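Below is one structure, written out as structure tokens; the observations come after it.
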Amino acid sequence: MLKPVEDGVAVVACSTCRHSADARDDAEGQRGGARLASALKAVQASDPAYANVAVQEMPCLFACQDFCTIHLRAPAKVGYVLGRFEPTEDAARAILDYARLYGESAFGQVPFKQWPQGVKGHFITRTPPAGFVVE
């Protein structure tokens, strides 16, 4: 059931997320989560600035109310779940830009003034890393 992946900064995309609040699939019958995962991989592969951010995917992050969700995580850093994205390259680039800043931060907290516009309003939860809570 669990698949090992490299430990590091990672964007984990829900591959089975709805396309939008109103539609399960897009016009071609593809899930929004699968499209967002593809966009994330394409943008990540096209720009060496994202070399230190892994793009991973898994079925269902259980955030079904908030379509096109991702989980941002790294060892000993606060984790985040973000959602309600359009499954586009613009959204993927904003996610990866934030993930890069997140990876460079000491504990996973990026100052709001540095957030890319494309992630503002998309945060759903933050989670403490194992063995820690946020002060």
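Every chain in the structure tokens takes a letter, A first, then B, and so on in the order presented; its residues are numbered from 1, and the ligands are numbered from 1 following the presented order.
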(message) According to DSSP computed on the backbone, where in stretch 16-134 of chain A is there helix (DSSP H, G or I)? Give the residues as a VMD selection string.
(response) chain A and resid 32 to 46 48 to 50 89 to 104 112 to 114 117 to 119
(request) Going by DSSP on the backbone, which bits of chain A are strand (DSSP E)? Write them as an MDAnalysis selection string, please. (result) chainID A and resid 10:14 54:58 70:73 79:82 123:127
Write the selection just made, keeping N, CA, C and O atoms, as a PDB file, in the first residue's frame?
```pdb
ATOM      1  N   ALA A  10       8.888  18.007  -1.290  1.00  0.00           N
ATOM      2  CA  ALA A  10       8.033  17.350  -2.280  1.00  0.00           C
ATOM      3  C   ALA A  10       6.658  17.991  -2.336  1.00  0.00           C
ATOM      4  O   ALA A  10       6.093  18.377  -1.313  1.00  0.00           O
ATOM      5  N   VAL A  11       6.149  18.067  -3.544  1.00  0.00           N
ATOM      6  CA  VAL A  11       4.758  18.409  -3.797  1.00  0.00           C
ATOM      7  C   VAL A  11       4.091  17.095  -4.170  1.00  0.00           C
ATOM      8  O   VAL A  11       4.454  16.465  -5.169  1.00  0.00           O
ATOM      9  N   VAL A  12       3.138  16.663  -3.344  1.00  0.00           N
ATOM     10  CA  VAL A  12       2.408  15.429  -3.604  1.00  0.00           C
ATOM     11  C   VAL A  12       1.021  15.826  -4.125  1.00  0.00           C
ATOM     12  O   VAL A  12       0.230  16.423  -3.393  1.00  0.00           O
ATOM     13  N   ALA A  13       0.765  15.519  -5.375  1.00  0.00           N
ATOM     14  CA  ALA A  13      -0.508  15.883  -6.000  1.00  0.00           C
ATOM     15  C   ALA A  13      -1.498  14.736  -5.885  1.00  0.00           C
ATOM     16  O   ALA A  13      -1.141  13.573  -6.079  1.00  0.00           O
ATOM     17  N   CYS A  14      -2.730  15.075  -5.579  1.00  0.00           N
ATOM     18  CA  CYS A  14      -3.814  14.094  -5.582  1.00  0.00           C
ATOM     19  C   CYS A  14      -4.178  13.825  -7.035  1.00  0.00           C
ATOM     20  O   CYS A  14      -4.660  14.715  -7.737  1.00  0.00           O
ATOM     21  N   ALA A  54      10.704  17.658  -5.510  1.00  0.00           N
ATOM     22  CA  ALA A  54      10.168  16.456  -6.146  1.00  0.00           C
ATOM     23  C   ALA A  54       8.673  16.649  -6.406  1.00  0.00           C
ATOM     24  O   ALA A  54       7.973  17.271  -5.602  1.00  0.00           O
ATOM     25  N   VAL A  55       8.210  16.133  -7.508  1.00  0.00           N
ATOM     26  CA  VAL A  55       6.778  16.101  -7.803  1.00  0.00           C
ATOM     27  C   VAL A  55       6.360  14.638  -7.739  1.00  0.00           C
ATOM     28  O   VAL A  55       6.873  13.807  -8.478  1.00  0.00           O
ATOM     29  N   GLN A  56       5.452  14.367  -6.824  1.00  0.00           N
ATOM     30  CA  GLN A  56       4.965  13.008  -6.610  1.00  0.00           C
ATOM     31  C   GLN A  56       3.443  13.038  -6.707  1.00  0.00           C
ATOM     32  O   GLN A  56       2.835  14.096  -6.628  1.00  0.00           O
ATOM     33  N   GLU A  57       2.846  11.890  -6.894  1.00  0.00           N
ATOM     34  CA  GLU A  57       1.384  11.844  -6.913  1.00  0.00           C
ATOM     35  C   GLU A  57       0.892  10.585  -6.227  1.00  0.00           C
ATOM     36  O   GLU A  57       1.612   9.602  -6.110  1.00  0.00           O
ATOM     37  N   MET A  58      -0.313  10.681  -5.734  1.00  0.00           N
ATOM     38  CA  MET A  58      -0.975   9.536  -5.116  1.00  0.00           C
ATOM     39  C   MET A  58      -2.477   9.718  -5.258  1.00  0.00           C
ATOM     40  O   MET A  58      -2.961  10.850  -5.411  1.00  0.00           O
ATOM     41  N   ILE A  70      -2.945  19.538  -3.301  1.00  0.00           N
ATOM     42  CA  ILE A  70      -1.569  19.056  -3.183  1.00  0.00           C
ATOM     43  C   ILE A  70      -1.173  19.085  -1.713  1.00  0.00           C
ATOM     44  O   ILE A  70      -1.764  19.822  -0.916  1.00  0.00           O
ATOM     45  N   HIS A  71      -0.197  18.268  -1.372  1.00  0.00           N
ATOM     46  CA  HIS A  71       0.395  18.282  -0.035  1.00  0.00           C
ATOM     47  C   HIS A  71       1.850  18.675  -0.220  1.00  0.00           C
ATOM     48  O   HIS A  71       2.566  18.050  -1.010  1.00  0.00           O
ATOM     49  N   LEU A  72       2.280  19.688   0.476  1.00  0.00           N
ATOM     50  CA  LEU A  72       3.666  20.138   0.436  1.00  0.00           C
ATOM     51  C   LEU A  72       4.337  19.667   1.715  1.00  0.00           C
ATOM     52  O   LEU A  72       3.838  19.926   2.814  1.00  0.00           O
ATOM     53  N   ARG A  73       5.469  18.962   1.565  1.00  0.00           N
ATOM     54  CA  ARG A  73       6.109  18.395   2.742  1.00  0.00           C
ATOM     55  C   ARG A  73       7.620  18.348   2.589  1.00  0.00           C
ATOM     56  O   ARG A  73       8.149  18.379   1.474  1.00  0.00           O
ATOM     57  N   GLY A  79       4.108  21.060   7.248  1.00  0.00           N
ATOM     58  CA  GLY A  79       3.541  20.654   5.965  1.00  0.00           C
ATOM     59  C   GLY A  79       2.264  21.432   5.689  1.00  0.00           C
ATOM     60  O   GLY A  79       1.649  21.985   6.614  1.00  0.00           O
ATOM     61  N   TYR A  80       1.870  21.486   4.433  1.00  0.00           N
ATOM     62  CA  TYR A  80       0.663  22.223   4.039  1.00  0.00           C
ATOM     63  C   TYR A  80      -0.138  21.421   3.034  1.00  0.00           C
ATOM     64  O   TYR A  80       0.428  20.725   2.188  1.00  0.00           O
ATOM     65  N   VAL A  81      -1.455  21.564   3.119  1.00  0.00           N
ATOM     66  CA  VAL A  81      -2.347  21.070   2.084  1.00  0.00           C
ATOM     67  C   VAL A  81      -2.980  22.302   1.449  1.00  0.00           C
ATOM     68  O   VAL A  81      -3.493  23.180   2.155  1.00  0.00           O
ATOM     69  N   LEU A  82      -2.894  22.372   0.140  1.00  0.00           N
ATOM     70  CA  LEU A  82      -3.471  23.474  -0.625  1.00  0.00           C
ATOM     71  C   LEU A  82      -4.427  22.884  -1.651  1.00  0.00           C
ATOM     72  O   LEU A  82      -4.231  21.752  -2.116  1.00  0.00           O
ATOM     73  N   PHE A 123      -4.628  27.784   0.712  1.00  0.00           N
ATOM     74  CA  PHE A 123      -4.196  26.958   1.845  1.00  0.00           C
ATOM     75  C   PHE A 123      -5.417  26.384   2.567  1.00  0.00           C
ATOM     76  O   PHE A 123      -6.377  27.093   2.847  1.00  0.00           O
ATOM     77  N   ILE A 124      -5.356  25.103   2.877  1.00  0.00           N
ATOM     78  CA  ILE A 124      -6.444  24.411   3.571  1.00  0.00           C
ATOM     79  C   ILE A 124      -6.021  24.066   4.998  1.00  0.00           C
ATOM     80  O   ILE A 124      -6.731  24.370   5.948  1.00  0.00           O
ATOM     81  N   THR A 125      -4.862  23.426   5.148  1.00  0.00           N
ATOM     82  CA  THR A 125      -4.362  23.056   6.474  1.00  0.00           C
ATOM     83  C   THR A 125      -2.849  23.190   6.515  1.00  0.00           C
ATOM     84  O   THR A 125      -2.177  23.208   5.488  1.00  0.00           O
ATOM     85  N   ARG A 126      -2.323  23.255   7.729  1.00  0.00           N
ATOM     86  CA  ARG A 126      -0.891  23.070   7.939  1.00  0.00           C
ATOM     87  C   ARG A 126      -0.751  21.981   8.977  1.00  0.00           C
ATOM     88  O   ARG A 126      -1.585  21.831   9.876  1.00  0.00           O
ATOM     89  N   THR A 127       0.305  21.199   8.850  1.00  0.00           N
ATOM     90  CA  THR A 127       0.513  20.068   9.745  1.00  0.00           C
ATOM     91  C   THR A 127       1.915  20.132  10.336  1.00  0.00           C
ATOM     92  O   THR A 127       2.873  20.443   9.631  1.00  0.00           O
TER      93      THR A 127
END
```
(request) Fewer than 2 positions away in the same chain doesn't count, so skip those; otherwise give me all residues within 10 Å of A:Ala94, counting only C-alpha atoms, as a PyMOL selection string. (result) chain A and resi 40+89-92+96-100+115-120
Would you write out those residues with N, CA, C and O atoms, as a CSV table (one decimal), in the first residue's frame?
```csv
chain,number,residue,atom,x,y,z
A,40,LEU,N,2.4,19.9,-13.1
A,40,LEU,CA,3.5,20.1,-12.2
A,40,LEU,C,4.7,19.4,-12.7
A,40,LEU,O,5.8,20.0,-12.6
A,89,GLU,N,-0.7,25.0,-16.1
A,89,GLU,CA,0.7,25.3,-15.9
A,89,GLU,C,0.9,26.5,-15.1
A,89,GLU,O,1.9,26.6,-14.3
A,90,ASP,N,0.0,27.5,-15.2
A,90,ASP,CA,0.2,28.7,-14.3
A,90,ASP,C,0.0,28.3,-12.8
A,90,ASP,O,0.8,28.8,-12.0
A,91,ALA,N,-0.9,27.5,-12.5
A,91,ALA,CA,-1.1,27.1,-11.1
A,91,ALA,C,0.1,26.2,-10.7
A,91,ALA,O,0.6,26.4,-9.6
A,92,ALA,N,0.5,25.3,-11.6
A,92,ALA,CA,1.7,24.5,-11.3
A,92,ALA,C,2.9,25.3,-11.0
A,92,ALA,O,3.7,25.1,-10.0
A,96,LEU,N,5.0,25.4,-7.5
A,96,LEU,CA,6.5,25.1,-7.5
A,96,LEU,C,7.3,26.3,-7.0
A,96,LEU,O,8.3,26.1,-6.3
A,97,ASP,N,6.9,27.5,-7.3
A,97,ASP,CA,7.6,28.7,-6.8
A,97,ASP,C,7.5,28.7,-5.3
A,97,ASP,O,8.5,29.0,-4.6
A,98,TYR,N,6.3,28.5,-4.8
A,98,TYR,CA,6.1,28.5,-3.3
A,98,TYR,C,6.9,27.3,-2.7
A,98,TYR,O,7.6,27.5,-1.7
A,99,ALA,N,6.9,26.1,-3.4
A,99,ALA,CA,7.6,25.0,-2.8
A,99,ALA,C,9.1,25.2,-2.8
A,99,ALA,O,9.8,24.8,-1.9
A,100,ARG,N,9.7,26.0,-3.8
A,100,ARG,CA,11.1,26.3,-3.8
A,100,ARG,C,11.4,27.2,-2.5
A,100,ARG,O,12.4,26.9,-1.8
A,115,TRP,N,5.0,35.1,-0.8
A,115,TRP,CA,4.1,34.1,-1.5
A,115,TRP,C,3.8,34.5,-2.9
A,115,TRP,O,3.4,35.6,-3.2
A,116,PRO,N,3.9,33.6,-3.9
A,116,PRO,CA,3.4,33.8,-5.2
A,116,PRO,C,1.9,34.1,-5.2
A,116,PRO,O,1.1,33.5,-4.4
A,117,GLN,N,1.4,35.0,-6.0
A,117,GLN,CA,0.0,35.3,-6.0
A,117,GLN,C,-0.9,34.1,-6.2
A,117,GLN,O,-2.0,34.0,-5.6
A,118,GLY,N,-0.4,33.2,-7.0
A,118,GLY,CA,-1.2,32.0,-7.4
A,118,GLY,C,-1.4,31.0,-6.3
A,118,GLY,O,-2.2,30.1,-6.5
A,119,VAL,N,-0.8,31.2,-5.1
A,119,VAL,CA,-1.1,30.3,-4.0
A,119,VAL,C,-2.0,30.9,-2.9
A,119,VAL,O,-2.5,30.2,-2.0
A,120,LYS,N,-2.1,32.2,-3.0
A,120,LYS,CA,-2.8,33.0,-1.9
A,120,LYS,C,-4.3,32.5,-2.0
A,120,LYS,O,-4.9,32.5,-3.1
```
(request) Can you pull out every residue within 12 Å of stretch 15-25 of chain A, counting only C-alpha atoms, but drop anything in the same chain fewer than 2 positions away, and send it as an MDAnalysis selection string? (result) chainID A and resid 11:13 27:40 55:71 83:88
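Among the candidates A:Val53, A:Gln109, A:Arg93, A:Gly131, the one nearest to A:Val9 when counting only C-alpha atoms is A:Val53.
Between atom CA of A:Pro128 and atom CA of A:Val78 there is a distance of 4.8 Å.
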